[in-house]
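Structure first, then comments.
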Amino acid sequence: MSALHHFERQANALICRLDGETIRVEPWGPDSLRVRAALLEDPDRGSIALLDPDPADAADTAVEIGADCASLRHGQLTARVEAIDSWGGCLQLSFWNQRGELLLREISNGGALKQRARHYRPLPGGNYRLQATFEADPDEKLYGMGQYQQEILDLKGCNLELAHRNSQVSIPFCLSDKGYGFLWHNASVGAVHFGRNTTQWEAENTRGLDYWITAGDSPRQILHTYTWMTGRPPMMPEYGLGFWQCKLRYYHQQQVLDVAREYKRRGIPLDVLVIDYFHWPRCGDFRFDPEYFPDPAAMLRELQELGVTPMVSVWPQVDERSENYPEMRRLGLLVHTNTGADVQMFFHGNNVFFDATNPRARAYVWDKLRRGYADIGVRAFWLDEAEPEFQTYDYDNYRYQAGPVTEVGNIYPREYARMVYEGLRQDGRDDIVSLIRCAWVGSARYGALVWSGDVHCDWQSFRRQVCAGLNIGLAGIPWWTTDIGGFHGGDVRDPAFRELLVRWFQFGTFCPVMRLHGNRAPQQRIVNRAGEEREWTGAGNEVWSFGADNEAILVRYIRFRERMRPYLRQIMQAAHETGDPVLRPLFYEFPDDPAAWTPKDEYCFGPDLLVAPVLQPGAVSRPVYLPAGADWTELHTGAVHPGGRTVTAAAPLATIPVFLRDARHADWIGAL
């Protein structure tokens with residue numbers, strides 16, 4: 001009986017056909033391949049995240065076709081497609097590096113179990129629920145994948161939802177210690193299971209299979225290639241390097257100016273002051289409420305004169321009472337609800353979301369933002385609610401212009417950031433940073449500064465942020481920050497909370513952006529002139545709000561942040577030019593030290609600093625592993641330690657253990 005499969009070459013691509021399925025493997029960037037497959041149609045579709053490769057990269061490519069096996073080599077990476085089972089009834093893909101070492105292989109197809117590595121389950125309308133299953137190495141370590149609220153750095157053994165939620169950012173790229181990176185190039189809601197026996201990727205609603213794989217000799221090489229293919233951030237502007245002040249919420253104009261003036265009076269450096277939500281009349285009005293901000297242009301001018309960059313919160317919600325709601329509904333610029341009441345989030349009214357995947361909606365909303373904010377002096381935007389935060393996350397009940405949320409939903413935050421980035425660029429701006437609560441593949445190129453969402457004010461949440469910041473950096477988002485002190489549950493009068501805030505503030509000093517924010521107790525009720533209750537305001541959240549002793553500590557760290565400004569500029573330049581994360585797991589700098597692949601509570605801040613935040617209440621010391629391959633100088637004492645060992649670092653409340661690599665920045669010793 002003749003074989004059921006067929007191999008052919010089309011230009012530099014390898015095409016494999018079997019029983020109605022077509023698989024396309026082709027070069028896509030240095031040492032990288034893109035794999036697409038579909039049933040009963042051509043899988044050569046457009047790209048939702050990857051940039052087009054340089055045609056010159058295809059030069060180092062070789063395709064070989066045999067009777068039962070075909071291969072495509074591109075640089076350091078080779079894909080093999082083998083016909084297995086009776087008469088070649090199934091095709092199995094595997095990937096190998098330049099040394100002939102297996103990196104990744106699909107499960108074997110067929111046999112008594114009748115399993116399928118690529119399993120398409122048809123849905124009404126012609127799409128599929130897809131599972132792609134690979135063999136797993138139980139000893140493999142996996143990192144990246146965005147931001148999940150867990151105290152886990154190595155994701156092996158984790159089950160992860162591929163969907164966005166408040167404080168959860170799904171970016172389906174993982175980096176393996178075996179020397180490859182893998183991007184699930186699919187914006188569908190789904191899941192991934194990094195099991196000991198198999199790795200299984202799932203898409204709830206998709207037209208076909210699409211993934212990208214790259215090989216590299218180090219995590220740095222892998223990440224450089226990945227970010228080259230998905231986009232890197234612009235150069236961080238100078239105002240992004242210093243201290244940012246924020247709270248829920250500065251609710252009137254005088255309060256904003258009083259805070260900025262007080263920082264100036266005290267001589268405390270302040271780069272950015274953030275005006276939080278509900279400074280507008282209704283969600284979707286995209287302008288200041290004149291009752292509380294009678295002359296916003298004058299306020300913004302004074303902030304600039306004080307050397308402070310104003311940032312203003314924007315929500316994608318549109319209240320049905322908004323002045324813009326009727327027109328946006330009529331023009332089809334809103335997210336569509338499939339069934340039931342058209343209320344996608346209830347918060348101070350019935351709200352729906354504008355459709356950021358719709359170019360017309362992006363143009364409309366940007367025009368409102370320009371008129372309401374940019375034209376009067378707002379230089380930066382805080383893009384909140386970016387998942388978006390559906391009231392119950394019933395993804396199957398909503399549809400974007402780009403498609404059902406179950407099929408394309410994860411692109412929303414990227415398109416939200418794109419709106420502001422492209423709008424500001426069209427207006428001649430290039431110093432663009434958008435603080436945003438979510439991201440997807442490619443968000444970095446639109447100036448997305450992700451923060452970790454509305455996390456709680458407790459030590460467990462604090463510990464989770466370290467892992468979150470490290471993994472999102474490895475997923476291609478080098479600009480990242482947290483609400484220093486946490487968002488929910490902090491009482492400024494509570495000594496226990498003050499201790500947590502000081503420790504979090506120290507960590508924030510050594511984050512890509514240093515931003516103090518939170519909803520602090522006791523709160524104050526706000527009622528407008530019409531008698532309508534507005535969103536409340538929290539207690540003071542400025543550095544002088546937590547007691548004089550703590551203020552002295554916090555101000556010292558702000559001043560040290562200023563001292564690091566030239567170094568911060570260098571590591572932001574590296575993020576812009578190469579995609580290097582700012583927060584780096586130890587193995588990123590020391591991949592040849594096996595012990596460097598494990599620590600989850602310390603990290604490198606750029607190439608020169610090792611930071612070990614204090615993550616337990618009442619601690620006055622902590623163990624710190626110092627990677628082999630360098631000597632380490634304690635920033636606070638000047639003591640020098642050889643690498644490859646664990647030391648106990650003193651950590652009284654005013655001190656975060658920081659170590660300098662090979663005596664770099666020796667003039668900083670004793671500065672904290």
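To be explicit about the labels: the chains of the structure tokens are called A, B, and onward in the order shown, and within each one the residues are counted from 1, while ligands get numbers from 1 in the order they are shown.
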Shell around Glu238 in chain A at 9 Å using only C-alpha atoms, local window under 6 positions removed, as a list in words: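 Residues meeting the cut-off are Asp271, Asp431, Arg565 and Arg569 of chain A.
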Create the file for the chosen residues now, containing N, CA and C atoms and written as a short mmCIF file (atom, residue, chain, number, x, y, z; two decimals), in the first residue's frame.
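Now in again.cif:
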```
data_model
loop_
_atom_site.label_atom_id
_atom_site.label_comp_id
_atom_site.auth_asym_id
_atom_site.auth_seq_id
_atom_site.Cartn_x
_atom_site.Cartn_y
_atom_site.Cartn_z
N ASP A 271 9.73 62.26 40.15
CA ASP A 271 9.69 62.32 38.69
C ASP A 271 8.27 62.34 38.13
N ASP A 431 8.84 60.00 23.80
CA ASP A 431 9.17 59.63 25.19
C ASP A 431 7.96 58.96 25.85
N ARG A 565 20.92 56.57 38.68
CA ARG A 565 20.31 56.98 37.41
C ARG A 565 21.19 56.67 36.19
N ARG A 569 19.95 54.08 33.28
CA ARG A 569 19.92 54.45 31.87
C ARG A 569 20.59 53.36 31.02
#
```
Could you list, as a PDB file with C-alpha atoms, in the first residue's frame, every residue within 6 Å of Arg414 in chain A, counting only C-alpha atoms and ignoring same-chain residues fewer than 2 positions away?
```pdb
ATOM      1  CA  ILE A 411      -4.556  40.538  22.242  1.00  0.00           C
ATOM      2  CA  TYR A 412      -6.757  43.200  23.910  1.00  0.00           C
ATOM      3  CA  TYR A 416      -4.951  49.113  24.090  1.00  0.00           C
ATOM      4  CA  ALA A 417      -1.293  50.101  24.527  1.00  0.00           C
ATOM      5  CA  ALA A 439       0.112  42.702  28.227  1.00  0.00           C
ATOM      6  CA  TRP A 440       0.503  40.132  25.517  1.00  0.00           C
ATOM      7  CA  SER A 443       3.226  44.762  24.000  1.00  0.00           C
TER       8      SER A 443
END
```
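For the residues A:Val312, A:Ala56, A:Leu303, A:Ala475, ranking by smallest atom-to-atom distance to Thr230 in chain A using only C-alpha atoms places A:Ala475 first.
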Per-residue DSSP, range 518-590 of chain A, filtered to helix (DSSP H, G or I), as a PyMOL selection string: chain A and resi 543-546+548-563+565-578+586-589
Nearest to Glu533 in chain A by atom-to-atom distance, counting only C-alpha atoms, from A:Pro43, A:Pro124, A:Gly181, A:Gly349: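 Comparing A:Pro43, A:Pro124, A:Gly181, A:Gly349 against Glu533 in chain A, the winner is A:Gly349.
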Residue contacts of Leu610 in chain A (9 Å, only C-alpha atoms) excluding same-chain residues fewer than 6 positions away, as a list of chain:residue names: A:Leu586, A:Glu602, A:Tyr603, A:Cys604, A:Leu626, A:Trp632, A:Pro657, A:Val658, A:Phe659, A:Leu660, A:Arg661
Given the selection you just returned, output its residues as a file containing all heavy atoms, formatted as a short mmCIF file (atom, residue, chain, number, x, y, z; two decimals), in the first residue's frame.
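Contents of selection-v4.cif, as written:
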```
data_model
loop_
_atom_site.label_atom_id
_atom_site.label_comp_id
_atom_site.auth_asym_id
_atom_site.auth_seq_id
_atom_site.Cartn_x
_atom_site.Cartn_y
_atom_site.Cartn_z
N LEU A 586 19.11 34.78 38.52
CA LEU A 586 20.56 34.62 38.60
C LEU A 586 21.11 33.87 37.39
O LEU A 586 22.20 34.16 36.90
CB LEU A 586 20.93 33.87 39.88
CG LEU A 586 20.50 34.51 41.22
CD1 LEU A 586 21.11 33.72 42.38
CD2 LEU A 586 20.86 35.98 41.30
N GLU A 602 15.77 36.10 45.07
CA GLU A 602 16.84 37.07 44.83
C GLU A 602 17.03 37.16 43.33
O GLU A 602 16.57 36.30 42.57
CB GLU A 602 18.14 36.64 45.53
CG GLU A 602 18.61 35.25 45.18
CD GLU A 602 19.88 34.85 45.93
OE1 GLU A 602 20.96 35.28 45.52
OE2 GLU A 602 19.75 34.12 46.93
N TYR A 603 17.72 38.20 42.87
CA TYR A 603 17.80 38.42 41.43
C TYR A 603 18.93 39.39 41.12
O TYR A 603 19.47 40.07 42.01
CB TYR A 603 16.47 38.97 40.89
CG TYR A 603 16.05 40.28 41.52
CD1 TYR A 603 16.39 41.51 40.96
CD2 TYR A 603 15.29 40.30 42.70
CE1 TYR A 603 16.00 42.71 41.54
CE2 TYR A 603 14.90 41.49 43.29
CZ TYR A 603 15.25 42.69 42.70
OH TYR A 603 14.88 43.88 43.29
N CYS A 604 19.28 39.46 39.84
CA CYS A 604 20.22 40.47 39.37
C CYS A 604 19.42 41.66 38.85
O CYS A 604 18.46 41.49 38.09
CB CYS A 604 21.12 39.91 38.27
SG CYS A 604 22.29 38.66 38.84
N LEU A 626 25.33 33.48 46.36
CA LEU A 626 26.16 34.29 45.48
C LEU A 626 26.68 33.41 44.36
O LEU A 626 27.44 32.46 44.61
CB LEU A 626 27.32 34.91 46.26
CG LEU A 626 26.91 35.76 47.48
CD1 LEU A 626 28.14 36.21 48.25
CD2 LEU A 626 26.07 36.96 47.05
N TRP A 632 31.77 39.06 45.06
CA TRP A 632 30.62 39.87 45.43
C TRP A 632 30.94 40.75 46.63
O TRP A 632 31.41 40.26 47.65
CB TRP A 632 29.43 38.97 45.74
CG TRP A 632 29.02 38.14 44.55
CD1 TRP A 632 29.41 36.86 44.26
CD2 TRP A 632 28.19 38.57 43.48
NE1 TRP A 632 28.86 36.46 43.07
CE2 TRP A 632 28.09 37.49 42.57
CE3 TRP A 632 27.50 39.75 43.19
CZ2 TRP A 632 27.34 37.57 41.40
CZ3 TRP A 632 26.76 39.83 42.03
CH2 TRP A 632 26.68 38.74 41.15
N PRO A 657 19.73 43.59 51.56
CA PRO A 657 21.01 43.06 51.10
C PRO A 657 21.19 43.26 49.60
O PRO A 657 20.37 42.81 48.79
CB PRO A 657 20.94 41.58 51.47
CG PRO A 657 19.98 41.52 52.62
CD PRO A 657 18.95 42.56 52.29
N VAL A 658 22.26 43.95 49.24
CA VAL A 658 22.62 44.19 47.85
C VAL A 658 24.10 43.91 47.71
O VAL A 658 24.90 44.32 48.57
CB VAL A 658 22.30 45.64 47.41
CG1 VAL A 658 22.75 45.88 45.98
CG2 VAL A 658 20.81 45.92 47.55
N PHE A 659 24.49 43.24 46.62
CA PHE A 659 25.88 42.88 46.38
C PHE A 659 26.32 43.39 45.01
O PHE A 659 25.55 43.32 44.04
CB PHE A 659 26.06 41.36 46.46
CG PHE A 659 25.82 40.78 47.82
CD1 PHE A 659 24.52 40.56 48.27
CD2 PHE A 659 26.88 40.47 48.66
CE1 PHE A 659 24.29 40.04 49.54
CE2 PHE A 659 26.66 39.94 49.92
CZ PHE A 659 25.36 39.72 50.36
N LEU A 660 27.53 43.90 44.96
CA LEU A 660 28.10 44.43 43.73
C LEU A 660 28.99 43.36 43.09
O LEU A 660 29.81 42.74 43.76
CB LEU A 660 28.93 45.68 44.01
CG LEU A 660 28.22 46.80 44.78
CD1 LEU A 660 29.20 47.92 45.11
CD2 LEU A 660 27.05 47.34 43.98
N ARG A 661 28.83 43.19 41.81
CA ARG A 661 29.57 42.16 41.08
C ARG A 661 30.98 42.65 40.73
O ARG A 661 31.14 43.70 40.10
CB ARG A 661 28.80 41.80 39.80
CG ARG A 661 29.43 40.76 38.91
CD ARG A 661 28.51 40.52 37.73
NE ARG A 661 29.00 39.52 36.80
CZ ARG A 661 28.31 39.09 35.74
NH1 ARG A 661 27.11 39.61 35.48
NH2 ARG A 661 28.82 38.17 34.93
#
```
Distance criterion (only C-alpha atoms): nearest to Glu204 in chain A out of A:Leu609, A:Ala136, A:Val405, A:Leu435: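 Nearest to Glu204 in chain A: A:Val405.
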